[in-house]
Amino acid sequence: MLIPLKPGELQRLIPAVATGPQFAACTGNPQKVLQRVLIAVIGGVITLLISQSQFSSRWGPVWLVTGFVFLLYVLWGPILEAGQKNATLRRYPAGAIFEGEVADLFTRERLEGQQETTDRNGRLQLVENRRTWLCLELEDEDGYLGQVRFPYDKKHQAIRPGMVVRCLVLSERKDFSRIGALSDAWLPQAKLWVGEYPFLLRPAFEELCLRRLR
């Protein structure tokens, strides 16, 4: 079942500016946080030193502001990343509420990075960081719709084939003959939200579903 959104509803469900959960999702793993810290410190120190040098008396204030911007990169980096992710769905001209069911589910191992370490003999080793992801195949009375994928956690053991699932469907076409993207999904029977990234303002989506799916 696809219920087209009214004008303005997509923008209310997916904000342009990062929410708290979106900021947390874009903060990333410790390696990503460390990378941002290094960029902030190195960029900030270099630009602040330039602002204090005798060769930049004219542009000193500009370099000073740039230095503080670099130092705050740890904060505005995730905000910028979240805004870019949100924009990928907000750009679609057509959106609809999907209500269907979990047709099937399965796990996949996903490579999320590699790390160089040394063994007891001092030899260099490459260690792969893998994580288990759960894939849900969604369908309704018209057939297969698509997949929602996300890192697997113990709470996801409650998910079973046949459970009701709701999400947003985005398309370039008003008739939804070609699906462009899916948002994160809500499983009301399990009281779970699932997805790789929290695109939706979840309480607002739940309320909209209660009003539009009666």
# chains A, B, ... in the order shown; residues from 1 in each chain; ligands from 1
$ closest_atom_pairs --of "range 82-163 of chain A" --to "range 168-187 of chain A" --cutoff "8 Å" --atoms "only C-alpha atoms" --output "Markdown table"
| residue | atom | partner | partner_atom | distance |
| --- | --- | --- | --- | --- |
| A:Leu89 | CA | A:Leu170 | CA | 7.0 |
| A:Tyr92 | CA | A:Glu172 | CA | 5.8 |
| A:Pro93 | CA | A:Glu172 | CA | 5.8 |
| A:Ala94 | CA | A:Ser171 | CA | 5.3 |
| A:Gly95 | CA | A:Leu170 | CA | 4.5 |
| A:Ala96 | CA | A:Val169 | CA | 5.3 |
| A:Ile97 | CA | A:Leu168 | CA | 4.8 |
| A:Phe98 | CA | A:Leu168 | CA | 5.8 |
| A:Gly146 | CA | A:Leu182 | CA | 7.9 |
| A:Val148 | CA | A:Asp184 | CA | 7.2 |
| A:Met163 | CA | A:Leu187 | CA | 7.1 |
$ write_last_selection --atoms "all heavy atoms" --output "PDB file, in the first residue's frame"
ATOM      1  N   LEU A  89      17.251  12.521   0.223  1.00  0.00           N
ATOM      2  CA  LEU A  89      15.850  12.095   0.179  1.00  0.00           C
ATOM      3  C   LEU A  89      14.894  13.267  -0.004  1.00  0.00           C
ATOM      4  O   LEU A  89      13.855  13.127  -0.648  1.00  0.00           O
ATOM      5  CB  LEU A  89      15.488  11.313   1.442  1.00  0.00           C
ATOM      6  CG  LEU A  89      15.586   9.780   1.349  1.00  0.00           C
ATOM      7  CD1 LEU A  89      17.008   9.344   0.985  1.00  0.00           C
ATOM      8  CD2 LEU A  89      15.140   9.113   2.634  1.00  0.00           C
ATOM      9  N   TYR A  92      13.680  14.346  -3.687  1.00  0.00           N
ATOM     10  CA  TYR A  92      12.731  13.601  -4.516  1.00  0.00           C
ATOM     11  C   TYR A  92      11.398  14.350  -4.614  1.00  0.00           C
ATOM     12  O   TYR A  92      10.880  14.833  -3.602  1.00  0.00           O
ATOM     13  CB  TYR A  92      12.493  12.204  -3.955  1.00  0.00           C
ATOM     14  CG  TYR A  92      13.613  11.237  -4.230  1.00  0.00           C
ATOM     15  CD1 TYR A  92      14.593  10.979  -3.275  1.00  0.00           C
ATOM     16  CD2 TYR A  92      13.706  10.588  -5.461  1.00  0.00           C
ATOM     17  CE1 TYR A  92      15.637  10.088  -3.530  1.00  0.00           C
ATOM     18  CE2 TYR A  92      14.735   9.698  -5.730  1.00  0.00           C
ATOM     19  CZ  TYR A  92      15.691   9.454  -4.763  1.00  0.00           C
ATOM     20  OH  TYR A  92      16.720   8.585  -5.020  1.00  0.00           O
ATOM     21  N   PRO A  93      10.830  14.425  -5.821  1.00  0.00           N
ATOM     22  CA  PRO A  93       9.568  15.154  -5.986  1.00  0.00           C
ATOM     23  C   PRO A  93       8.350  14.387  -5.484  1.00  0.00           C
ATOM     24  O   PRO A  93       7.287  14.980  -5.269  1.00  0.00           O
ATOM     25  CB  PRO A  93       9.487  15.356  -7.507  1.00  0.00           C
ATOM     26  CG  PRO A  93      10.273  14.229  -8.085  1.00  0.00           C
ATOM     27  CD  PRO A  93      11.388  13.963  -7.104  1.00  0.00           C
ATOM     28  N   ALA A  94       8.473  13.077  -5.324  1.00  0.00           N
ATOM     29  CA  ALA A  94       7.318  12.274  -4.897  1.00  0.00           C
ATOM     30  C   ALA A  94       7.695  11.387  -3.718  1.00  0.00           C
ATOM     31  O   ALA A  94       8.735  10.732  -3.720  1.00  0.00           O
ATOM     32  CB  ALA A  94       6.821  11.408  -6.058  1.00  0.00           C
ATOM     33  N   GLY A  95       6.836  11.384  -2.714  1.00  0.00           N
ATOM     34  CA  GLY A  95       7.041  10.535  -1.541  1.00  0.00           C
ATOM     35  C   GLY A  95       5.718   9.927  -1.109  1.00  0.00           C
ATOM     36  O   GLY A  95       4.644  10.517  -1.321  1.00  0.00           O
ATOM     37  N   ALA A  96       5.774   8.749  -0.532  1.00  0.00           N
ATOM     38  CA  ALA A  96       4.554   8.073  -0.099  1.00  0.00           C
ATOM     39  C   ALA A  96       4.832   7.214   1.125  1.00  0.00           C
ATOM     40  O   ALA A  96       5.951   6.732   1.317  1.00  0.00           O
ATOM     41  CB  ALA A  96       3.983   7.204  -1.220  1.00  0.00           C
ATOM     42  N   ILE A  97       3.813   7.046   1.943  1.00  0.00           N
ATOM     43  CA  ILE A  97       3.891   6.111   3.067  1.00  0.00           C
ATOM     44  C   ILE A  97       3.675   4.703   2.516  1.00  0.00           C
ATOM     45  O   ILE A  97       2.714   4.456   1.777  1.00  0.00           O
ATOM     46  CB  ILE A  97       2.827   6.423   4.124  1.00  0.00           C
ATOM     47  CG1 ILE A  97       3.008   7.841   4.680  1.00  0.00           C
ATOM     48  CG2 ILE A  97       2.887   5.416   5.261  1.00  0.00           C
ATOM     49  CD1 ILE A  97       1.866   8.289   5.577  1.00  0.00           C
ATOM     50  N   PHE A  98       4.574   3.802   2.866  1.00  0.00           N
ATOM     51  CA  PHE A  98       4.429   2.403   2.469  1.00  0.00           C
ATOM     52  C   PHE A  98       4.017   1.586   3.681  1.00  0.00           C
ATOM     53  O   PHE A  98       4.611   1.708   4.756  1.00  0.00           O
ATOM     54  CB  PHE A  98       5.746   1.860   1.917  1.00  0.00           C
ATOM     55  CG  PHE A  98       5.768   0.359   1.770  1.00  0.00           C
ATOM     56  CD1 PHE A  98       5.165  -0.264   0.694  1.00  0.00           C
ATOM     57  CD2 PHE A  98       6.391  -0.437   2.732  1.00  0.00           C
ATOM     58  CE1 PHE A  98       5.175  -1.649   0.554  1.00  0.00           C
ATOM     59  CE2 PHE A  98       6.417  -1.821   2.601  1.00  0.00           C
ATOM     60  CZ  PHE A  98       5.818  -2.422   1.517  1.00  0.00           C
ATOM     61  N   GLY A 146      11.567  -3.588  -1.958  1.00  0.00           N
ATOM     62  CA  GLY A 146      12.985  -3.294  -1.799  1.00  0.00           C
ATOM     63  C   GLY A 146      13.508  -3.839  -0.487  1.00  0.00           C
ATOM     64  O   GLY A 146      12.837  -4.626   0.186  1.00  0.00           O
ATOM     65  N   VAL A 148      15.654  -3.042   3.315  1.00  0.00           N
ATOM     66  CA  VAL A 148      16.168  -2.153   4.358  1.00  0.00           C
ATOM     67  C   VAL A 148      17.282  -2.912   5.063  1.00  0.00           C
ATOM     68  O   VAL A 148      17.078  -4.037   5.520  1.00  0.00           O
ATOM     69  CB  VAL A 148      15.062  -1.757   5.360  1.00  0.00           C
ATOM     70  CG1 VAL A 148      15.650  -0.934   6.504  1.00  0.00           C
ATOM     71  CG2 VAL A 148      13.964  -0.964   4.660  1.00  0.00           C
ATOM     72  N   MET A 163       5.669  -9.660   9.606  1.00  0.00           N
ATOM     73  CA  MET A 163       5.406  -8.491  10.436  1.00  0.00           C
ATOM     74  C   MET A 163       5.101  -7.266   9.564  1.00  0.00           C
ATOM     75  O   MET A 163       5.667  -7.086   8.490  1.00  0.00           O
ATOM     76  CB  MET A 163       6.609  -8.178  11.337  1.00  0.00           C
ATOM     77  CG  MET A 163       6.699  -9.022  12.571  1.00  0.00           C
ATOM     78  SD  MET A 163       8.021  -8.430  13.693  1.00  0.00           S
ATOM     79  CE  MET A 163       7.591  -9.325  15.174  1.00  0.00           C
TER      80      MET A 163
END
$ residues_around --residues "Leu201 in chain A" --least-positions-apart "5" --cutoff "8 Å" --atoms "only C-alpha atoms" --output "PyMOL selection string"
chain A and resi 12-15
$ residues_around --residues "range 152-159 of chain A" --least-positions-apart "3" --cutoff "6 Å" --atoms "only C-alpha atoms" --output "PyMOL selection string"
chain A and resi 132-134
$ residues_around --residues "Asp140 in chain A" --least-positions-apart "3" --cutoff "12 Å" --atoms "only C-alpha atoms" --output "list in words"
Met1, Leu2, Phe98, Glu99, Gly100, Glu101, Val102, Ala103, Glu137, Gly143, Tyr144, Leu145, Gly146, Gly162, Met163, Val164, Val165 and Arg166 of chain A
$ closest_residue --among "A:Gln189, A:Arg90, A:Ala24, A:Cys135" --to "Gln147 in chain A" --atoms "only C-alpha atoms"
A:Cys135
$ atom_distance --atom1 "CA of Asn129 in chain A" --atom2 "CA of Trp193 in chain A"
25.2 Å
$ residues_around --residues "Arg131 in chain A" --least-positions-apart "6" --cutoff "7 Å" --atoms "only C-alpha atoms" --output "PyMOL selection string"
chain A and resi 109-112
$ write_last_selection --atoms "all heavy atoms" --output "compact mmCIF listing (two decimals), in the first residue's frame"
# COMPACT_ATOMS: atom_id res chain seq x y z
N GLU A 109 27.64 -10.55 6.19
CA GLU A 109 28.83 -9.99 6.80
C GLU A 109 29.31 -8.83 5.93
O GLU A 109 29.41 -8.96 4.71
CB GLU A 109 29.93 -11.04 6.91
CG GLU A 109 29.63 -12.14 7.92
CD GLU A 109 29.55 -11.62 9.35
OE1 GLU A 109 30.42 -10.82 9.74
OE2 GLU A 109 28.61 -12.01 10.06
N ARG A 110 29.62 -7.71 6.54
CA ARG A 110 30.03 -6.51 5.79
C ARG A 110 31.38 -6.03 6.29
O ARG A 110 31.59 -5.87 7.50
CB ARG A 110 28.98 -5.42 5.96
CG ARG A 110 29.29 -4.12 5.25
CD ARG A 110 28.06 -3.24 5.20
NE ARG A 110 28.37 -1.89 4.82
CZ ARG A 110 27.47 -0.93 4.65
NH1 ARG A 110 26.20 -1.20 4.83
NH2 ARG A 110 27.83 0.29 4.30
N LEU A 111 32.30 -5.81 5.36
CA LEU A 111 33.62 -5.29 5.70
C LEU A 111 33.51 -3.80 5.97
O LEU A 111 33.09 -3.03 5.11
CB LEU A 111 34.60 -5.55 4.55
CG LEU A 111 36.04 -5.05 4.76
CD1 LEU A 111 36.71 -5.77 5.92
CD2 LEU A 111 36.84 -5.23 3.47
N GLU A 112 33.89 -3.37 7.18
CA GLU A 112 33.75 -1.97 7.56
C GLU A 112 35.08 -1.27 7.75
O GLU A 112 35.13 -0.11 8.15
CB GLU A 112 32.92 -1.85 8.83
CG GLU A 112 31.50 -2.34 8.66
CD GLU A 112 30.58 -1.90 9.77
OE1 GLU A 112 31.10 -1.55 10.86
OE2 GLU A 112 29.36 -1.90 9.56
$ closest_residue --among "A:Gly195, A:Leu105, A:Arg149, A:Pro188" --to "Glu207 in chain A" --atoms "only C-alpha atoms"
A:Pro188
$ residues_around --residues "Pro78 in chain A" --least-positions-apart "6" --cutoff "6 Å" --atoms "only C-alpha atoms" --output "PyMOL selection string"
chain A and resi 23+26-27
$ write_last_selection --atoms "all heavy atoms" --output "PDB file, in the first residue's frame"
ATOM      1  N   PHE A  23      22.721  13.493  14.276  1.00  0.00           N
ATOM      2  CA  PHE A  23      24.062  13.933  14.663  1.00  0.00           C
ATOM      3  C   PHE A  23      24.843  12.766  15.248  1.00  0.00           C
ATOM      4  O   PHE A  23      26.015  12.545  14.909  1.00  0.00           O
ATOM      5  CB  PHE A  23      23.963  15.069  15.682  1.00  0.00           C
ATOM      6  CG  PHE A  23      25.293  15.573  16.168  1.00  0.00           C
ATOM      7  CD1 PHE A  23      25.956  16.587  15.500  1.00  0.00           C
ATOM      8  CD2 PHE A  23      25.889  15.031  17.303  1.00  0.00           C
ATOM      9  CE1 PHE A  23      27.197  17.057  15.945  1.00  0.00           C
ATOM     10  CE2 PHE A  23      27.115  15.479  17.755  1.00  0.00           C
ATOM     11  CZ  PHE A  23      27.767  16.501  17.071  1.00  0.00           C
ATOM     12  N   CYS A  26      25.969  10.314  12.586  1.00  0.00           N
ATOM     13  CA  CYS A  26      27.049  10.810  11.727  1.00  0.00           C
ATOM     14  C   CYS A  26      28.346  11.056  12.495  1.00  0.00           C
ATOM     15  O   CYS A  26      29.372  11.350  11.871  1.00  0.00           O
ATOM     16  CB  CYS A  26      26.609  12.100  11.028  1.00  0.00           C
ATOM     17  SG  CYS A  26      25.345  11.837   9.774  1.00  0.00           S
ATOM     18  N   THR A  27      28.288  10.966  13.823  1.00  0.00           N
ATOM     19  CA  THR A  27      29.530  11.125  14.595  1.00  0.00           C
ATOM     20  C   THR A  27      30.501  10.015  14.246  1.00  0.00           C
ATOM     21  O   THR A  27      31.713  10.229  14.162  1.00  0.00           O
ATOM     22  CB  THR A  27      29.219  11.117  16.100  1.00  0.00           C
ATOM     23  OG1 THR A  27      28.355  12.218  16.393  1.00  0.00           O
ATOM     24  CG2 THR A  27      30.503  11.268  16.917  1.00  0.00           C
TER      25      THR A  27
END
$ atom_distance --atom1 "CA of Pro203 in chain A" --atom2 "CA of Pro161 in chain A"
24.5 Å
